[in-house]
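So the structure is just underneath, and the comments pick up after that.
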Amino acid sequence: MAFIEGFIIGVGMIIFIGPVFFLLLNSSLYSGIKAGIMVALGIIVSDIICVLLCLYGFSTFITVSENQFWLGIISSVLLLALGFFYLFKRVDLSTTHLKHDKNLSSFFIKGFSINFFNPFVFVVWIGVYNYGESKFSLNFQLTLFLTAVLIGIFATDVCKVILSKKLKKYLSKKRLLFVFKGTGIILILFSLRVLWYVYTV
């Protein structure tokens with residue numbers, strides 16, 4: 001029961017359309033399925049660290065206003081930089097996979113950084129952890145619950161990567177450029193949102 005409930009919650013997190021969603025989508029569309037999977041791995045590793053921080057009692061460290069402030073500043077800068085990167089990115093479909101296959105680690109770092117330094121991610125995980133802790137009295141059940149949430153999140157991210165590959169054949173250079181510019185603007189808006197959050201907490 002703990003596993004099933006955790007997995008449902010993990011899959012349900014697909015409704016959260018945050019900056020990592022657009023990073024995952026664009027990496028998959030332009031640089032292929034391997035790049036998308038590396039972004040997904042970066043995201044899930046950062047989520048695992050968030051869970052471990054909660055398990056070992058470091059969630060109070062995250063909820064301190066000063067620490068949230070600096071996490072928010074780092075997140076805002078990263079999102080702003082990535083936003084401008086996509087806003088001014090040039091599209092060359094003829095060199096898509098050859099250009100990026102040798103630098104897959106950078107996609108992992110992007111996925112990890114954008115997710116880990118986002119204070120909203122910590123808020124969500126603290127909520128999920130507190131819910132699991134209140135419902136499952138045994139440590140084994142809580143661990144199973146949290147593991148299932150992580151599996152659910154990773155499964156949905158991989159599905160997004162696979163689906164984006166299916167979409168790619170319908171995208172011309174002009175349409176893909178439009179997607180990148182739109183993503184750039186959205187990421188910049190997310191950057192401003194995070195900045196507003198840390199200044200009003």
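Quick note on naming: the chains in the structure tokens go A, B, ... in the order shown, residues restart at 1 in each chain, and ligands are numbered from 1 in order of appearance.
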
Nearby residues (only C-alpha atoms) at most 8 Å from A:Ser75, same-chain spacing under 5 positions excluded, as a ChimeraX atom specification
/A:113-114,117-119,191,194

List the spatial neighbours of A:Phe116 as a PDB file with N, CA and C atoms, in the first residue's frame - criterion: any atom at most 8 Å away, only C-alpha atoms, same-chain residues fewer than 4 positions off excluded.
```pdb
ATOM      1  N   ILE A  43      17.846  15.345 -12.408  1.00  0.00           N
ATOM      2  CA  ILE A  43      16.680  15.740 -11.614  1.00  0.00           C
ATOM      3  C   ILE A  43      16.437  14.741 -10.480  1.00  0.00           C
ATOM      4  N   SER A  46      19.045  14.831  -7.645  1.00  0.00           N
ATOM      5  CA  SER A  46      18.822  15.977  -6.753  1.00  0.00           C
ATOM      6  C   SER A  46      17.624  15.715  -5.840  1.00  0.00           C
ATOM      7  N   ASP A  47      16.592  15.036  -6.373  1.00  0.00           N
ATOM      8  CA  ASP A  47      15.429  14.669  -5.553  1.00  0.00           C
ATOM      9  C   ASP A  47      15.814  13.678  -4.451  1.00  0.00           C
ATOM     10  N   CYS A  50      17.379  15.524  -1.704  1.00  0.00           N
ATOM     11  CA  CYS A  50      16.339  16.213  -0.928  1.00  0.00           C
ATOM     12  C   CYS A  50      15.674  15.258   0.062  1.00  0.00           C
ATOM     13  N   PHE A 112      20.372  18.596 -12.578  1.00  0.00           N
ATOM     14  CA  PHE A 112      20.620  18.567 -11.133  1.00  0.00           C
ATOM     15  C   PHE A 112      20.560  19.975 -10.544  1.00  0.00           C
ATOM     16  N   VAL A 121      11.194  23.171  -4.814  1.00  0.00           N
ATOM     17  CA  VAL A 121      11.375  21.716  -4.806  1.00  0.00           C
ATOM     18  C   VAL A 121      11.509  21.217  -3.366  1.00  0.00           C
ATOM     19  N   PHE A 122      12.279  21.944  -2.565  1.00  0.00           N
ATOM     20  CA  PHE A 122      12.442  21.562  -1.164  1.00  0.00           C
ATOM     21  C   PHE A 122      11.124  21.654  -0.404  1.00  0.00           C
TER      22      PHE A 122
END
```

Residue neighbourhood A:Glu133, 10 Å, only C-alpha atoms, exclusion window fewer than 5 positions, as an MDAnalysis selection string:
chainID A and resid 55 127:128 138:139 141:143 145:146

Which is closer to A:Ile9 than all the others in A:Leu195, A:Ala148, A:Leu53, A:Leu167, using only C-alpha atoms?
A:Ala148

Pick from A:Leu80, A:Ile37, A:Val161, A:Ala155 nearest to A:Ile8, counting only C-alpha atoms:
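Closest to A:Ile8, using only C-alpha atoms: A:Ala155.
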
Atomic separation - atom CA of A:Ile17 relative to atom CA of A:Ala35, Å:
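The value is 19.6 Å.
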
Contacts of A:Gly152 at 9 Å or less, counting only C-alpha atoms, minus same-chain residues fewer than 3 places along, as a VMD selection string?
chain A and resid 6 to 13 147 to 149 155 to 157

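You can rank A:Asn115, A:Gly32, A:Leu23, A:Trp70 by their closest distance to A:Phe180 using only C-alpha atoms, and at the top of that list sits A:Leu23.
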
Nearest to A:Asn26, restricted to only C-alpha atoms and choosing among A:Ile151, A:Phe136, A:Gly42, A:Phe107, comes out as A:Phe107

Here is a test: counting only C-alpha atoms, which residue of A:Phe88, A:Phe190, A:Cys159, A:Gly111 is nearest to A:Leu177?
A:Phe88

Determine the nearest neighbour of A:Leu52 from the options A:Ala2, A:Ile186, A:Leu192, A:Ile126, counting only C-alpha atoms.
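Nearest candidate to A:Leu52 out of A:Ala2, A:Ile186, A:Leu192, A:Ile126: A:Ile126.
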
Step one, run DSSP on the backbone; step two, keep only residues of stretch 6-43 of chain A assigned to alpha helix (DSSP H); then write them as number ranges by chain.
A: 6-12, 19-31, 33-43

Compile the contact shell of A:Val158 as JSON, numbers by chain: residues with an atom at most 10 Å away, counting only C-alpha atoms, same-chain residues fewer than 6 positions apart removed.
{"A": [24, 33, 36, 37, 38, 39, 40, 41, 164]}

Would you mind exporting N, CA and C atoms of the selected residues as a short mmCIF file (atom, residue, chain, number, x, y, z; two decimals), in the first residue's frame?
```cif
data_model
loop_
_atom_site.label_atom_id
_atom_site.label_comp_id
_atom_site.auth_asym_id
_atom_site.auth_seq_id
_atom_site.Cartn_x
_atom_site.Cartn_y
_atom_site.Cartn_z
N LEU A 24 13.93 19.65 -19.71
CA LEU A 24 13.81 18.26 -20.14
C LEU A 24 13.29 18.18 -21.58
N ILE A 33 17.44 11.64 -27.24
CA ILE A 33 16.92 10.93 -26.08
C ILE A 33 17.98 10.76 -24.99
N GLY A 36 18.11 13.91 -22.95
CA GLY A 36 16.92 14.00 -22.12
C GLY A 36 17.00 13.08 -20.91
N ILE A 37 17.50 11.85 -21.12
CA ILE A 37 17.65 10.90 -20.01
C ILE A 37 18.66 11.43 -18.99
N MET A 38 19.74 12.07 -19.46
CA MET A 38 20.74 12.62 -18.54
C MET A 38 20.15 13.75 -17.70
N VAL A 39 19.31 14.57 -18.31
CA VAL A 39 18.61 15.62 -17.55
C VAL A 39 17.72 14.98 -16.49
N ALA A 40 16.98 13.93 -16.89
CA ALA A 40 16.09 13.23 -15.96
C ALA A 40 16.89 12.61 -14.80
N LEU A 41 18.07 12.08 -15.10
CA LEU A 41 18.93 11.51 -14.05
C LEU A 41 19.41 12.59 -13.09
N SER A 164 8.67 13.39 -26.37
CA SER A 164 9.24 14.54 -27.07
C SER A 164 9.97 14.09 -28.34
#
```
